[in-house]
Every structure is written in structure tokens, then in C-alpha cells.
file upload_10.pdb (PDB, C-alpha atoms and all ligand atoms)
ATOM      1  CA  MET K 963     116.356  96.779 102.146
ATOM      2  CA  MET K 964     114.540  97.246  98.862
ATOM      3  CA  THR K 965     112.231  99.951  97.567
ATOM      4  CA  TYR K 966     108.565  99.450  96.716
ATOM      5  CA  ARG K 967     109.605  99.915  93.081
ATOM      6  CA  GLU K 968     112.007  96.947  93.251
ATOM      7  CA  PHE K 969     109.488  94.905  95.176
ATOM      8  CA  LEU K 970     106.783  95.579  92.553
ATOM      9  CA  GLU K 971     109.160  94.978  89.651
ATOM     10  CA  ASN K 972     110.043  91.548  91.057
ATOM     11  CA  ASN K 973     106.352  90.738  91.282
ATOM     12  CA  HIS K 974     105.675  92.070  87.782
ATOM     13  CA  LYS K 975     108.273  89.600  86.475
ATOM     14  CA  LEU K 976     106.525  86.817  88.356
ATOM     15  CA  ALA K 977     103.172  87.927  86.949
ATOM     16  CA  SER K 978     104.481  87.908  83.421
ATOM     17  CA  ASP K 979     105.994  84.395  83.884
ATOM     18  CA  LEU K 980     102.675  83.163  85.248
ATOM     19  CA  LYS K 981     100.703  84.947  82.474
ATOM     20  CA  LYS K 982      98.923  87.119  85.021
ATOM     21  CA  GLU K 983      98.089  90.825  84.747
ATOM     22  CA  LYS K 984     100.532  93.191  86.432
ATOM     23  CA  GLU K 985      97.741  95.815  86.572
ATOM     24  CA  ALA K 986      95.978  93.543  89.037
ATOM     25  CA  LEU K 987      99.016  93.737  91.339
ATOM     26  CA  LYS K 988      99.128  97.509  91.011
ATOM     27  CA  LEU K 989      95.435  97.749  91.904
ATOM     28  CA  LEU K 990      95.936  95.514  94.921
ATOM     29  CA  PHE K 991      98.944  97.567  96.041
ATOM     30  CA  VAL K 992      97.232 100.944  95.569
ATOM     31  CA  GLU K 993      94.128  99.800  97.447
ATOM     32  CA  LEU K 994      96.070  98.164 100.292
ATOM     33  CA  LYS K 995      98.142 101.289 100.837
ATOM     34  CA  HIS K 996      95.206 103.667 100.221
ATOM     35  CA  LEU K 997      97.201 105.542  97.582
ATOM     36  CA  SER K 998      96.067 107.979  94.941
ATOM     37  CA  ASN K 999      97.669 107.898  91.488
ATOM     38  CA  VAL K1000     100.028 110.710  92.521
ATOM     39  CA  SER K1001     101.031 109.254  95.876
ATOM     40  CA  PHE K1002     101.604 105.889  94.169
ATOM     41  CA  TYR K1003     104.651 107.282  92.347
ATOM     42  CA  ASP K1004     105.993 108.942  95.534
ATOM     43  CA  GLU K1005     105.578 105.698  97.432
ATOM     44  CA  LEU K1006     107.624 103.719  94.884
ATOM     45  CA  ASN K1007     110.901 105.325  95.980
ATOM     46  CA  LYS K1008     110.383 104.542  99.670
ATOM     47  CA  GLU K1009     111.889 101.502 101.332
ATOM     48  CA  VAL K1010     109.654  98.587 102.180
ATOM     49  CA  SER K1011     110.288  96.741 105.455
ATOM     50  CA  ILE K1012     110.638  92.954 105.522
ATOM     51  CA  ASP K1013     107.427  92.678 107.551
ATOM     52  CA  GLU K1014     105.460  94.681 105.046
ATOM     53  CA  GLN K1015     106.943  92.772 102.119
ATOM     54  CA  LYS K1016     105.704  89.566 103.746
ATOM     55  CA  LYS K1017     102.240  91.010 104.312
ATOM     56  CA  ILE K1018     101.816  92.304 100.760
ATOM     57  CA  GLN K1019     103.467  89.249  99.176
ATOM     58  CA  GLU K1020     100.950  86.983 100.903
ATOM     59  CA  LEU K1021      98.079  88.869  99.208
ATOM     60  CA  PHE K1022      99.886  89.032  95.848
ATOM     61  CA  ASN K1023     100.376  85.265  96.051
ATOM     62  CA  LYS K1024      96.626  84.741  96.436
ATOM     63  CA  TYR K1025      96.280  86.304  92.991
ATOM     64  CA  LEU K1026      99.462  84.901  91.438
ATOM     65  CA  TYR K1027      99.385  81.330  92.730
ATOM     66  CA  ASP K1028      95.915  80.645  94.206
ATOM     67  CA  ASN K1029      94.131  82.229  91.209
ATOM     68  CA  ILE K1030      91.807  84.402  93.266
ATOM     69  CA  PRO K1031      90.503  87.594  91.604
ATOM     70  CA  VAL K1032      91.798  90.820  93.129
ATOM     71  CA  GLN K1033      88.273  92.001  93.958
ATOM     72  CA  TYR K1034      87.643  88.925  96.134
ATOM     73  CA  ILE K1035      91.037  89.361  97.826
ATOM     74  CA  LEU K1036      90.230  92.964  98.680
ATOM     75  CA  GLY K1037      86.579  92.149  99.464
ATOM     76  CA  TYR K1038      85.311  95.088  97.453
ATOM     77  CA  THR K1039      85.247  96.714  94.029
ATOM     78  CA  TYR K1040      83.922  99.808  92.300
ATOM     79  CA  PHE K1041      80.963 100.062  89.919
ATOM     80  CA  TYR K1042      79.503 103.217  88.405
ATOM     81  CA  GLY K1043      81.727 105.257  90.738
ATOM     82  CA  LEU K1044      80.374 103.521  93.857
ATOM     83  CA  LYS K1045      82.010 101.055  96.227
ATOM     84  CA  PHE K1046      80.541  97.548  96.563
ATOM     85  CA  LYS K1047      81.361  94.717  98.922
ATOM     86  CA  VAL K1048      81.942  91.445  97.050
ATOM     87  CA  THR K1049      82.196  87.902  98.383
ATOM     88  CA  LYS K1050      82.368  84.534  96.640
ATOM     89  CA  ASP K1051      78.538  84.498  96.745
ATOM     90  CA  VAL K1052      78.212  87.290  94.179
ATOM     91  CA  LEU K1053      79.439  87.925  90.680
ATOM     92  CA  ILE K1054      82.096  90.641  90.534
ATOM     93  CA  PRO K1055      80.357  93.650  88.922
ATOM     94  CA  ARG K1056      81.777  94.221  85.443
ATOM     95  CA  PHE K1057      82.708  97.539  83.864
ATOM     96  CA  ASP K1058      80.663  96.575  80.755
ATOM     97  CA  THR K1059      77.477  96.399  82.845
ATOM     98  CA  GLU K1060      77.754 100.162  83.402
ATOM     99  CA  VAL K1061      76.410 100.554  79.829
ATOM    100  CA  LEU K1062      73.130  99.077  81.023
ATOM    101  CA  VAL K1063      72.896 101.444  83.999
ATOM    102  CA  GLU K1064      73.699 104.445  81.827
ATOM    103  CA  ASN K1065      70.936 103.577  79.345
ATOM    104  CA  VAL K1066      68.306 102.779  81.969
ATOM    105  CA  LEU K1067      68.978 106.156  83.597
ATOM    106  CA  LYS K1068      68.505 107.898  80.227
ATOM    107  CA  ARG K1069      65.104 106.271  79.751
ATOM    108  CA  SER K1070      63.668 106.203  83.273
ATOM    109  CA  PHE K1071      61.132 108.810  84.306
ATOM    110  CA  ASN K1072      60.477 110.214  87.774
ATOM    111  CA  GLY K1073      58.859 107.740  90.123
ATOM    112  CA  ALA K1074      59.099 104.774  87.715
ATOM    113  CA  PHE K1075      58.680 101.262  89.153
ATOM    114  CA  VAL K1076      61.746  99.202  88.312
ATOM    115  CA  VAL K1077      62.658  95.580  88.945
ATOM    116  CA  ASP K1078      66.225  94.267  88.745
ATOM    117  CA  ILE K1079      66.128  90.493  88.238
ATOM    118  CA  GLY K1080      69.245  88.595  89.378
ATOM    119  CA  THR K1081      70.592  91.485  91.422
ATOM    120  CA  GLY K1082      73.690  89.683  92.809
ATOM    121  CA  SER K1083      75.776  92.298  94.642
ATOM    122  CA  GLY K1084      72.942  94.780  93.987
ATOM    123  CA  CYS K1085      75.223  96.862  91.786
ATOM    124  CA  ILE K1086      72.667  97.712  89.058
ATOM    125  CA  ALA K1087      69.773  98.477  91.400
ATOM    126  CA  ILE K1088      71.944 100.535  93.762
ATOM    127  CA  ALA K1089      73.631 102.530  90.970
ATOM    128  CA  LEU K1090      70.189 103.320  89.513
ATOM    129  CA  LYS K1091      68.725 104.458  92.829
ATOM    130  CA  LYS K1092      71.813 106.468  93.729
ATOM    131  CA  ASN K1093      71.520 108.388  90.452
ATOM    132  CA  ASN K1094      67.737 108.769  90.431
ATOM    133  CA  SER K1095      66.352 108.694  93.949
ATOM    134  CA  SER K1096      62.762 108.972  92.653
ATOM    135  CA  LEU K1097      62.847 105.403  91.286
ATOM    136  CA  ASN K1098      60.974 102.670  93.166
ATOM    137  CA  ILE K1099      63.218  99.660  92.888
ATOM    138  CA  ASP K1100      62.639  95.993  93.675
ATOM    139  CA  ALA K1101      65.672  93.733  93.363
ATOM    140  CA  ILE K1102      65.261  89.975  93.072
ATOM    141  CA  ASP K1103      67.697  87.108  93.462
ATOM    142  CA  ILE K1104      67.217  83.411  94.057
ATOM    143  CA  SER K1105      70.330  83.309  96.246
ATOM    144  CA  LYS K1106      69.837  84.284  99.893
ATOM    145  CA  GLU K1107      73.616  84.660 100.287
ATOM    146  CA  ALA K1108      73.812  87.080  97.351
ATOM    147  CA  LEU K1109      70.883  89.090  98.724
ATOM    148  CA  ASN K1110      72.646  89.454 102.086
ATOM    149  CA  VAL K1111      75.596  91.056 100.284
ATOM    150  CA  ALA K1112      73.231  93.276  98.250
ATOM    151  CA  ILE K1113      71.476  94.431 101.443
ATOM    152  CA  GLU K1114      74.841  95.381 102.944
ATOM    153  CA  ASN K1115      75.736  97.254  99.762
ATOM    154  CA  ALA K1116      72.479  99.217  99.849
ATOM    155  CA  LYS K1117      73.325 100.263 103.433
ATOM    156  CA  LEU K1118      76.904 101.112 102.464
ATOM    157  CA  ASN K1119      75.614 103.353  99.676
ATOM    158  CA  ASN K1120      72.734 104.697 101.715
ATOM    159  CA  VAL K1121      69.852 103.784  99.389
ATOM    160  CA  ASN K1122      66.490 102.198  99.954
ATOM    161  CA  ILE K1123      65.636  99.195  97.792
ATOM    162  CA  ASP K1124      63.214  96.293  98.325
ATOM    163  CA  PHE K1125      65.196  93.074  98.110
ATOM    164  CA  ILE K1126      63.173  89.936  97.406
ATOM    165  CA  GLN K1127      64.309  86.319  97.394
ATOM    166  CA  ASN K1128      62.495  84.722  94.465
ATOM    167  CA  ASP K1129      62.857  82.621  91.348
ATOM    168  CA  LEU K1130      62.639  85.333  88.645
ATOM    169  CA  LEU K1131      59.102  86.803  88.702
ATOM    170  CA  PHE K1132      57.268  83.543  89.529
ATOM    171  CA  GLY K1133      54.317  84.322  91.799
ATOM    172  CA  ILE K1134      54.877  88.084  91.697
ATOM    173  CA  GLU K1135      51.789  90.020  90.584
ATOM    174  CA  LYS K1136      53.217  93.534  90.626
ATOM    175  CA  LYS K1137      53.534  95.440  87.321
ATOM    176  CA  TYR K1138      56.656  97.456  86.501
ATOM    177  CA  ASP K1139      57.521 100.293  84.123
ATOM    178  CA  ILE K1140      61.012  98.950  83.635
ATOM    179  CA  ILE K1141      62.460  95.451  83.861
ATOM    180  CA  VAL K1142      66.260  95.212  83.958
ATOM    181  CA  SER K1143      68.317  92.070  84.130
ATOM    182  CA  ASN K1144      71.850  90.857  83.738
ATOM    183  CA  PRO K1145      70.953  87.178  84.079
ATOM    184  CA  PRO K1146      73.268  84.187  83.828
ATOM    185  CA  TYR K1147      73.843  83.850  80.073
ATOM    186  CA  ILE K1148      76.811  81.577  79.451
ATOM    187  CA  ALA K1149      75.898  78.370  77.644
ATOM    188  CA  LYS K1150      76.800  75.235  79.597
ATOM    189  CA  ASN K1151      79.356  74.117  76.992
ATOM    190  CA  ASP K1152      80.957  77.551  76.396
ATOM    191  CA  GLU K1153      84.571  78.068  77.385
ATOM    192  CA  VAL K1154      85.073  80.300  80.409
ATOM    193  CA  ASP K1155      88.239  81.957  81.677
ATOM    194  CA  ASN K1156      89.702  79.797  84.443
ATOM    195  CA  LEU K1157      89.816  82.663  86.960
ATOM    196  CA  VAL K1158      86.068  83.177  86.484
ATOM    197  CA  TYR K1159      85.175  79.461  86.411
ATOM    198  CA  LYS K1160      87.142  78.647  89.572
ATOM    199  CA  ASN K1161      85.929  81.570  91.666
ATOM    200  CA  GLU K1162      82.620  83.091  90.680
ATOM    201  CA  PRO K1163      79.254  81.497  91.562
ATOM    202  CA  HIS K1164      78.108  79.152  88.787
ATOM    203  CA  LEU K1165      74.528  80.125  89.644
ATOM    204  CA  ALA K1166      75.422  83.597  88.354
ATOM    205  CA  LEU K1167      77.165  82.421  85.195
ATOM    206  CA  PHE K1168      75.500  79.518  83.441
ATOM    207  CA  SER K1169      72.162  79.106  81.754
ATOM    208  CA  GLU K1170      70.343  76.269  80.012
ATOM    209  CA  ASP K1171      69.052  76.519  76.447
ATOM    210  CA  ASP K1172      72.337  77.654  74.963
ATOM    211  CA  GLY K1173      72.488  80.570  77.424
ATOM    212  CA  MET K1174      68.966  81.798  76.573
ATOM    213  CA  TYR K1175      66.767  80.244  79.323
ATOM    214  CA  PHE K1176      66.494  83.382  81.489
ATOM    215  CA  TYR K1177      65.730  85.769  78.618
ATOM    216  CA  ASP K1178      62.925  83.515  77.432
ATOM    217  CA  LYS K1179      61.420  83.128  80.918
ATOM    218  CA  ILE K1180      61.660  86.826  81.805
ATOM    219  CA  LEU K1181      60.120  87.864  78.466
ATOM    220  CA  SER K1182      57.316  85.373  78.973
ATOM    221  CA  GLN K1183      56.711  86.663  82.536
ATOM    222  CA  SER K1184      56.844  90.277  81.349
ATOM    223  CA  LEU K1185      53.539  89.672  79.545
ATOM    224  CA  ASN K1186      51.999  89.875  83.057
ATOM    225  CA  ASN K1187      54.527  92.024  84.904
ATOM    226  CA  LEU K1188      55.323  94.848  82.487
ATOM    227  CA  LYS K1189      53.021  97.890  82.299
ATOM    228  CA  LYS K1190      51.756  99.121  78.959
ATOM    229  CA  GLY K1191      54.523 101.125  77.321
ATOM    230  CA  GLY K1192      57.133  99.543  79.599
ATOM    231  CA  ILE K1193      60.732  98.833  78.611
ATOM    232  CA  ILE K1194      63.003  95.829  79.154
ATOM    233  CA  PHE K1195      66.797  96.138  79.408
ATOM    234  CA  PHE K1196      68.880  92.973  79.154
ATOM    235  CA  GLU K1197      72.614  92.596  79.339
ATOM    236  CA  ILE K1198      73.456  89.991  76.674
ATOM    237  CA  GLY K1199      76.496  87.973  75.575
ATOM    238  CA  TYR K1200      78.581  89.328  72.694
ATOM    239  CA  ASN K1201      77.173  86.635  70.356
ATOM    240  CA  GLN K1202      73.511  86.687  71.414
ATOM    241  CA  LYS K1203      72.057  89.546  69.317
ATOM    242  CA  GLU K1204      70.234  87.364  66.762
ATOM    243  CA  LYS K1205      69.112  84.880  69.392
ATOM    244  CA  ILE K1206      67.566  87.579  71.607
ATOM    245  CA  GLU K1207      65.822  89.193  68.622
ATOM    246  CA  LYS K1208      64.263  85.832  67.807
ATOM    247  CA  ILE K1209      62.956  85.266  71.362
ATOM    248  CA  VAL K1210      61.582  88.815  71.599
ATOM    249  CA  LYS K1211      59.608  88.236  68.348
ATOM    250  CA  LYS K1212      58.022  85.158  69.917
ATOM    251  CA  TYR K1213      56.418  87.244  72.702
ATOM    252  CA  TYR K1214      56.250  90.723  71.157
ATOM    253  CA  PRO K1215      56.003  90.511  67.343
ATOM    254  CA  LEU K1216      55.889  94.330  67.019
ATOM    255  CA  ALA K1217      58.583  95.297  69.529
ATOM    256  CA  ASN K1218      61.805  97.125  68.635
ATOM    257  CA  VAL K1219      65.048  95.588  69.806
ATOM    258  CA  LYS K1220      67.949  97.985  69.953
ATOM    259  CA  VAL K1221      71.343  96.413  70.624
ATOM    260  CA  ILE K1222      74.092  98.603  72.081
ATOM    261  CA  LYS K1223      77.802  97.840  72.274
ATOM    262  CA  ASP K1224      79.965  97.880  75.404
ATOM    263  CA  TYR K1225      83.267  99.743  75.863
ATOM    264  CA  ASN K1226      85.093  96.898  74.089
ATOM    265  CA  ASN K1227      82.830  97.262  71.062
ATOM    266  CA  ASN K1228      80.973  93.984  71.710
ATOM    267  CA  ASP K1229      77.172  93.723  71.597
ATOM    268  CA  ARG K1230      76.188  93.930  75.266
ATOM    269  CA  LEU K1231      72.811  95.534  75.871
ATOM    270  CA  ALA K1232      69.367  94.831  74.374
ATOM    271  CA  ILE K1233      66.647  97.465  74.860
ATOM    272  CA  ILE K1234      63.190  96.157  74.127
ATOM    273  CA  ASP K1235      60.635  98.860  73.473
ATOM    274  CA  ASN K1236      57.025  99.122  72.333
ATOM    275  CA  CYS K1237      56.334  95.792  73.933
ATOM    276  CA  ASN K1238      52.579  96.235  74.086
TER     277      ASN K1238
HETATM  278  C1  LIG L1301      75.173  87.460  85.974
HETATM  279  S1  LIG L1301      74.730  87.607  87.685
HETATM  280  C2  LIG L1301      74.360  89.350  87.735
HETATM  281  C3  LIG L1301      74.617  89.986  89.076
HETATM  282  C4  LIG L1301      74.490  91.522  89.059
HETATM  283  N1  LIG L1301      73.164  91.941  88.644
HETATM  284  C5  LIG L1301      75.545  92.141  88.139
HETATM  285  O1  LIG L1301      75.160  92.667  87.086
HETATM  286  O2  LIG L1301      76.733  92.110  88.492
HETATM  287  C6  LIG L1301      73.144  86.810  87.696
HETATM  288  C7  LIG L1301      72.422  86.733  89.033
HETATM  289  O3  LIG L1301      71.183  86.017  88.816
HETATM  290  C8  LIG L1301      70.895  85.226  89.961
HETATM  291  N2  LIG L1301      69.957  84.156  89.576
HETATM  292  C9  LIG L1301      70.246  82.953  89.001
HETATM  293  N3  LIG L1301      69.115  82.270  88.808
HETATM  294  C10 LIG L1301      68.092  83.027  89.261
HETATM  295  C11 LIG L1301      66.683  82.856  89.323
HETATM  296  N4  LIG L1301      66.096  81.742  88.886
HETATM  297  N5  LIG L1301      65.927  83.850  89.861
HETATM  298  C12 LIG L1301      66.514  84.972  90.329
HETATM  299  N6  LIG L1301      67.850  85.202  90.292
HETATM  300  C13 LIG L1301      68.624  84.246  89.758
HETATM  301  C14 LIG L1301      72.247  84.747  90.423
HETATM  302  O4  LIG L1301      72.206  84.367  91.794
HETATM  303  C15 LIG L1301      73.127  85.982  90.145
HETATM  304  O5  LIG L1301      73.188  86.805  91.295
END

call {"tool": "encode", "arguments": {"input": "upload_10.pdb", "output": "C-alpha cells", "more": "lines below"}}
Ligand SMILES: C[S@@+](CC[C@H](N)C(=O)[O-])C[C@H]1O[C@@H](n2cnc3c(N)ncnc32)[C@H](O)[C@@H]1O
result
Amino acid sequence: MMTYREFLENNHKLASDLKKEKEALKLLFVELKHLSNVSFYDELNKEVSIDEQKKIQELFNKYLYDNIPVQYILGYTYFYGLKFKVTKDVLIPRFDTEVLVENVLKRSFNGAFVVDIGTGSGCIAIALKKNNSSLNIDAIDISKEALNVAIENAKLNNVNIDFIQNDLLFGIEKKYDIIVSNPPYIAKNDEVDNLVYKNEPHLALFSEDDGMYFYDKILSQSLNNLKKGGIIFFEIGYNQKEKIEKIVKKYYPLANVKVIKDYNNNDRLAIIDNCN
């Protein structure tokens, strides 16, 4: 018999040989066993049965050998303190995207009309509504499969959001106070981590025009869909500050663009104010 500690240590060695993160194994273990940080350390000294070793090892191997992200193995993740279902049809919500949510909440007034373009799992729209129930939120995605996951997540988190299958804002006449979007923004020839490339939907990752297609289109559509005095919030790539400033100038010569860094100190959020 071996203890959970020995079992995990063996797998940590494997992870390090395979250049994988041992934190991912810990997360998988803690979630599978429903442990808190305190009970995790108690659990380590207990013995693990052969049957359970087999069961856990099978899931560890999906991460270690099949290169599947832990969130897809578990089928869920956390974002802005809330739980979200994730499947291969949606991008895994990223910690850095919480910066966007935090800033939209700071700037949104009671009863504001908000649209989240490219909602994916629904994480942005749902976190906004959960923290300001007065907001009227529409959430758009071109992918029916992604929207099905987002609808489930809205139910799971008990919020009411209008989900719309559409190509950006094409054909939509409604005007919004706030437009938010974390669109696909990786240039087609950029290098992407293999774990991401192999698993996450390419529809959620890649964009034409050197990663800038969606920003340009949404800004152009905002001329019709953004109310006077409205604000646009874009998540951007770490190297897209100058490029986004240039596109904003094309549509709104007098607008302010404020770029905010994420928790890793990379440029991540563009707030576009005084649009018209
Ligand atoms: C980077 S993911 C963001 C997902 C989620 N908002 C998040 O922050 O985790 C971009 C999303 O845009 C969607 N998308 C791609 N092209 C689109 C289009 N033309 N119109 C609407 N949504 C689109 C993708 O399906 C994907 O869900």
C-alpha cells in the first residue's frame, strides 16, 4: 500500500520529466476528492487503495500523456469566484480576463444595456450580471455549441441573460451603453502553446488581419450600436496596444484609449471612452 503523498510524489516526478505542471495534478486531485486546502494535507498521509490509484492515474494520464487541459478533464473551472462548465466547444476562461470584468463593473451604471460579443462559456456576461443584477445583458456568439454551454452556465449561476447566435453585431439594430468583447485575437502565424492549440476551439483563438480583424469590425459596428457616451472594453493581446490605438483613431479620432495590465503585468485591457 502507498500513501496519497507517495502516489502524488511519483506523479510529480513524471510531470517534471514530461515538462508538465505539477500544480495541475494537485488541482485535479483536490477537485476529484473535493478537498479544501486544509483537508488536502490531512489526506496526504492516508493510504490509497489500488482501485483508487487506478482511477486517479487514468485522469492524471489524460493530462500527462494525452495533453488535455485539467479544466476539460474535470469539465468545469472557476472564473471571478463562480463555477463554469467547460467543454471542448468553449475557450477555458482565463484568470487574466477577470481584469476586464472588474473594470466593466467599476464603470457600469444601474440598468445599463451591455453586450458581450464572443461570449464563449458566458463567463464575462455571467460574472457581470452576478455582480450587478441591474444590468441588461445580451451575449452573442457565432457558435451554437458554445452558446449551449453558456446557457447552461447561466442556469448554473442563476442569472438571466439574452443569448443570441450571430456574427458579431451584423443585422442587430439595438444600441448599447457598454460593448465588451474578448474576441479571437491571435494572428494566424503566431506561435501558440501546444496544449492550447491541440485542445481549444480555433474559432475562439485565431483572427485574420494580424489578429486585429474583430477589433476593427466591432469598432466599425459600434458607430451604429453604441449609445452616445458609451464605452467599449476589449481584452487585447500583450503586444496589441499600438495596433488597437491606431484602429480606434480610424473610427473615433477624439476617443481616449486607456490600456490596463493583467496580473502578469502584460497589456491586456483597452477601455475606449468618449467615443462620440
Ligand atoms: C477568445 S473567445 C472568448 C470567450 C469568452 N468570452 C472568454 O472570455 O473566455 C472568443 C469567442 O468569440 C466567438 N466568435 C468567433 N467569431 C465570432 C463571430 N464572428 N461572431 C461572434 N462570435 C464569434 C468564438 O466562438 C469564441 O467563443

call {"tool": "atom_distance", "arguments": {"input": "upload_10.pdb", "atom1": "atom CA of K:Gly1084", "atom2": "atom CA of K:Val1061"}}
result
15.7 Å

call {"tool": "resolve_selection", "arguments": {"input": "upload_10.pdb", "expression": "the PyMOL selection byres (((not hetatm)) within 9 of (chain L and resi 1301))", "output": "ChimeraX atom specification"}}
result
/K:1051-1056,1059-1060,1078-1087,1102-1109,1127-1132,1142-1148,1163-1169,1176,1197

call {"tool": "write_last_selection", "arguments": {"input": "upload_10.pdb", "atoms": "C-alpha atoms", "output": "PDB file, keeping the file's coordinate frame"}}
result
ATOM      1  CA  ASP K1051      78.538  84.498  96.745  1.00  0.00           C
ATOM      2  CA  VAL K1052      78.212  87.290  94.179  1.00  0.00           C
ATOM      3  CA  LEU K1053      79.439  87.925  90.680  1.00  0.00           C
ATOM      4  CA  ILE K1054      82.096  90.641  90.534  1.00  0.00           C
ATOM      5  CA  PRO K1055      80.357  93.650  88.922  1.00  0.00           C
ATOM      6  CA  ARG K1056      81.777  94.221  85.443  1.00  0.00           C
ATOM      7  CA  THR K1059      77.477  96.399  82.845  1.00  0.00           C
ATOM      8  CA  GLU K1060      77.754 100.162  83.402  1.00  0.00           C
ATOM      9  CA  ASP K1078      66.225  94.267  88.745  1.00  0.00           C
ATOM     10  CA  ILE K1079      66.128  90.493  88.238  1.00  0.00           C
ATOM     11  CA  GLY K1080      69.245  88.595  89.378  1.00  0.00           C
ATOM     12  CA  THR K1081      70.592  91.485  91.422  1.00  0.00           C
ATOM     13  CA  GLY K1082      73.690  89.683  92.809  1.00  0.00           C
ATOM     14  CA  SER K1083      75.776  92.298  94.642  1.00  0.00           C
ATOM     15  CA  GLY K1084      72.942  94.780  93.987  1.00  0.00           C
ATOM     16  CA  CYS K1085      75.223  96.862  91.786  1.00  0.00           C
ATOM     17  CA  ILE K1086      72.667  97.712  89.058  1.00  0.00           C
ATOM     18  CA  ALA K1087      69.773  98.477  91.400  1.00  0.00           C
ATOM     19  CA  ILE K1102      65.261  89.975  93.072  1.00  0.00           C
ATOM     20  CA  ASP K1103      67.697  87.108  93.462  1.00  0.00           C
ATOM     21  CA  ILE K1104      67.217  83.411  94.057  1.00  0.00           C
ATOM     22  CA  SER K1105      70.330  83.309  96.246  1.00  0.00           C
ATOM     23  CA  LYS K1106      69.837  84.284  99.893  1.00  0.00           C
ATOM     24  CA  GLU K1107      73.616  84.660 100.287  1.00  0.00           C
ATOM     25  CA  ALA K1108      73.812  87.080  97.351  1.00  0.00           C
ATOM     26  CA  LEU K1109      70.883  89.090  98.724  1.00  0.00           C
ATOM     27  CA  GLN K1127      64.309  86.319  97.394  1.00  0.00           C
ATOM     28  CA  ASN K1128      62.495  84.722  94.465  1.00  0.00           C
ATOM     29  CA  ASP K1129      62.857  82.621  91.348  1.00  0.00           C
ATOM     30  CA  LEU K1130      62.639  85.333  88.645  1.00  0.00           C
ATOM     31  CA  LEU K1131      59.102  86.803  88.702  1.00  0.00           C
ATOM     32  CA  PHE K1132      57.268  83.543  89.529  1.00  0.00           C
ATOM     33  CA  VAL K1142      66.260  95.212  83.958  1.00  0.00           C
ATOM     34  CA  SER K1143      68.317  92.070  84.130  1.00  0.00           C
ATOM     35  CA  ASN K1144      71.850  90.857  83.738  1.00  0.00           C
ATOM     36  CA  PRO K1145      70.953  87.178  84.079  1.00  0.00           C
ATOM     37  CA  PRO K1146      73.268  84.187  83.828  1.00  0.00           C
ATOM     38  CA  TYR K1147      73.843  83.850  80.073  1.00  0.00           C
ATOM     39  CA  ILE K1148      76.811  81.577  79.451  1.00  0.00           C
ATOM     40  CA  PRO K1163      79.254  81.497  91.562  1.00  0.00           C
ATOM     41  CA  HIS K1164      78.108  79.152  88.787  1.00  0.00           C
ATOM     42  CA  LEU K1165      74.528  80.125  89.644  1.00  0.00           C
ATOM     43  CA  ALA K1166      75.422  83.597  88.354  1.00  0.00           C
ATOM     44  CA  LEU K1167      77.165  82.421  85.195  1.00  0.00           C
ATOM     45  CA  PHE K1168      75.500  79.518  83.441  1.00  0.00           C
ATOM     46  CA  SER K1169      72.162  79.106  81.754  1.00  0.00           C
ATOM     47  CA  PHE K1176      66.494  83.382  81.489  1.00  0.00           C
ATOM     48  CA  GLU K1197      72.614  92.596  79.339  1.00  0.00           C
TER      49      GLU K1197
END

call {"tool": "residues_around", "arguments": {"input": "upload_10.pdb", "residues": "K:Glu1207", "least_positions_apart": "4", "cutoff": "7 Å", "atoms": "only C-alpha atoms", "output": "PyMOL selection string"}}
result
chain K and resi 1203+1211+1219

call {"tool": "atom_distance", "arguments": {"input": "upload_10.pdb", "atom1": "atom CA of K:Ile1134", "atom2": "atom CA of K:Ile1193"}}
result
17.9 Å

call {"tool": "resolve_selection", "arguments": {"input": "upload_10.pdb", "expression": "the PyMOL selection byres (((chain K and resi 968) around 12) and not hetatm)", "output": "number ranges by chain"}}
result
K: 963-967, 969-975, 1005-1010, 1015

call {"tool": "closest_residue", "arguments": {"input": "upload_10.pdb", "among": "K:Phe991, K:Ser978, K:Asp1058, K:Asp1235", "to": "K:Tyr1003", "atoms": "only C-alpha atoms"}}
result
K:Phe991

call {"tool": "residues_around", "arguments": {"input": "upload_10.pdb", "residues": "K:Leu980", "least_positions_apart": "6", "cutoff": "12 Å", "atoms": "all atoms listed in the file", "output": "PyMOL selection string"}}
result
chain K and resi 973-974+1023+1025-1029

call {"tool": "closest_residue", "arguments": {"input": "upload_10.pdb", "among": "K:Leu1118, K:Val1210, K:Leu1157, K:Leu1181", "to": "K:Tyr1038", "atoms": "only C-alpha atoms"}}
result
K:Leu1118

call {"tool": "residues_around", "arguments": {"input": "upload_10.pdb", "residues": "K:Glu1135", "least_positions_apart": "5", "cutoff": "12 Å", "atoms": "all atoms listed in the file", "output": "PyMOL selection string"}}
result
chain K and resi 1130+1183-1189

call {"tool": "residues_near_point", "arguments": {"input": "upload_10.pdb", "point": "(68.1, 95.6, 80.1)", "cutoff": "9 Å", "atoms": "only C-alpha atoms", "output": "list of chain:residue names"}}
result
K:Leu1062, K:Val1063, K:Asn1065, K:Val1066, K:Asp1078, K:Ile1140, K:Ile1141, K:Val1142, K:Ser1143, K:Asn1144, K:Ile1193, K:Ile1194, K:Phe1195, K:Phe1196, K:Glu1197, K:Ile1198, K:Leu1231, K:Ala1232, K:Ile1233, K:Ile1234

call {"tool": "closest_residue", "arguments": {"input": "upload_10.pdb", "among": "K:Asp1172, K:Ala1116, K:Lys1136, K:Lys1220", "to": "K:Ala1149", "atoms": "all atoms listed in the file"}}
result
K:Asp1172

call {"tool": "axis_aligned_box", "arguments": {"input": "upload_10.pdb", "around": "stretch 1180-1189 of chain K", "padding_each_side": "5 Å", "output": "lines of an AutoDock Vina configuration file"}}
result
center_x = 56.8
center_y = 91.6
center_z = 81.7
size_x = 19.7
size_y = 22.5
size_z = 16.4

call {"tool": "closest_residue", "arguments": {"input": "upload_10.pdb", "among": "K:Ile1180, K:Asn1226, K:Gln1019, K:Ile1126", "to": "K:Leu976", "atoms": "only C-alpha atoms"}}
result
K:Gln1019

call {"tool": "resolve_selection", "arguments": {"input": "upload_10.pdb", "expression": "the PyMOL selection byres (((chain K and resi 1037) around 9) and not hetatm)", "output": "PDB file with C-alpha atoms, in the coordinates of the input"}}
result
ATOM      1  CA  VAL K1032      91.798  90.820  93.129  1.00  0.00           C
ATOM      2  CA  GLN K1033      88.273  92.001  93.958  1.00  0.00           C
ATOM      3  CA  TYR K1034      87.643  88.925  96.134  1.00  0.00           C
ATOM      4  CA  ILE K1035      91.037  89.361  97.826  1.00  0.00           C
ATOM      5  CA  LEU K1036      90.230  92.964  98.680  1.00  0.00           C
ATOM      6  CA  TYR K1038      85.311  95.088  97.453  1.00  0.00           C
ATOM      7  CA  THR K1039      85.247  96.714  94.029  1.00  0.00           C
ATOM      8  CA  PHE K1046      80.541  97.548  96.563  1.00  0.00           C
ATOM      9  CA  LYS K1047      81.361  94.717  98.922  1.00  0.00           C
ATOM     10  CA  VAL K1048      81.942  91.445  97.050  1.00  0.00           C
ATOM     11  CA  THR K1049      82.196  87.902  98.383  1.00  0.00           C
TER      12      THR K1049
END
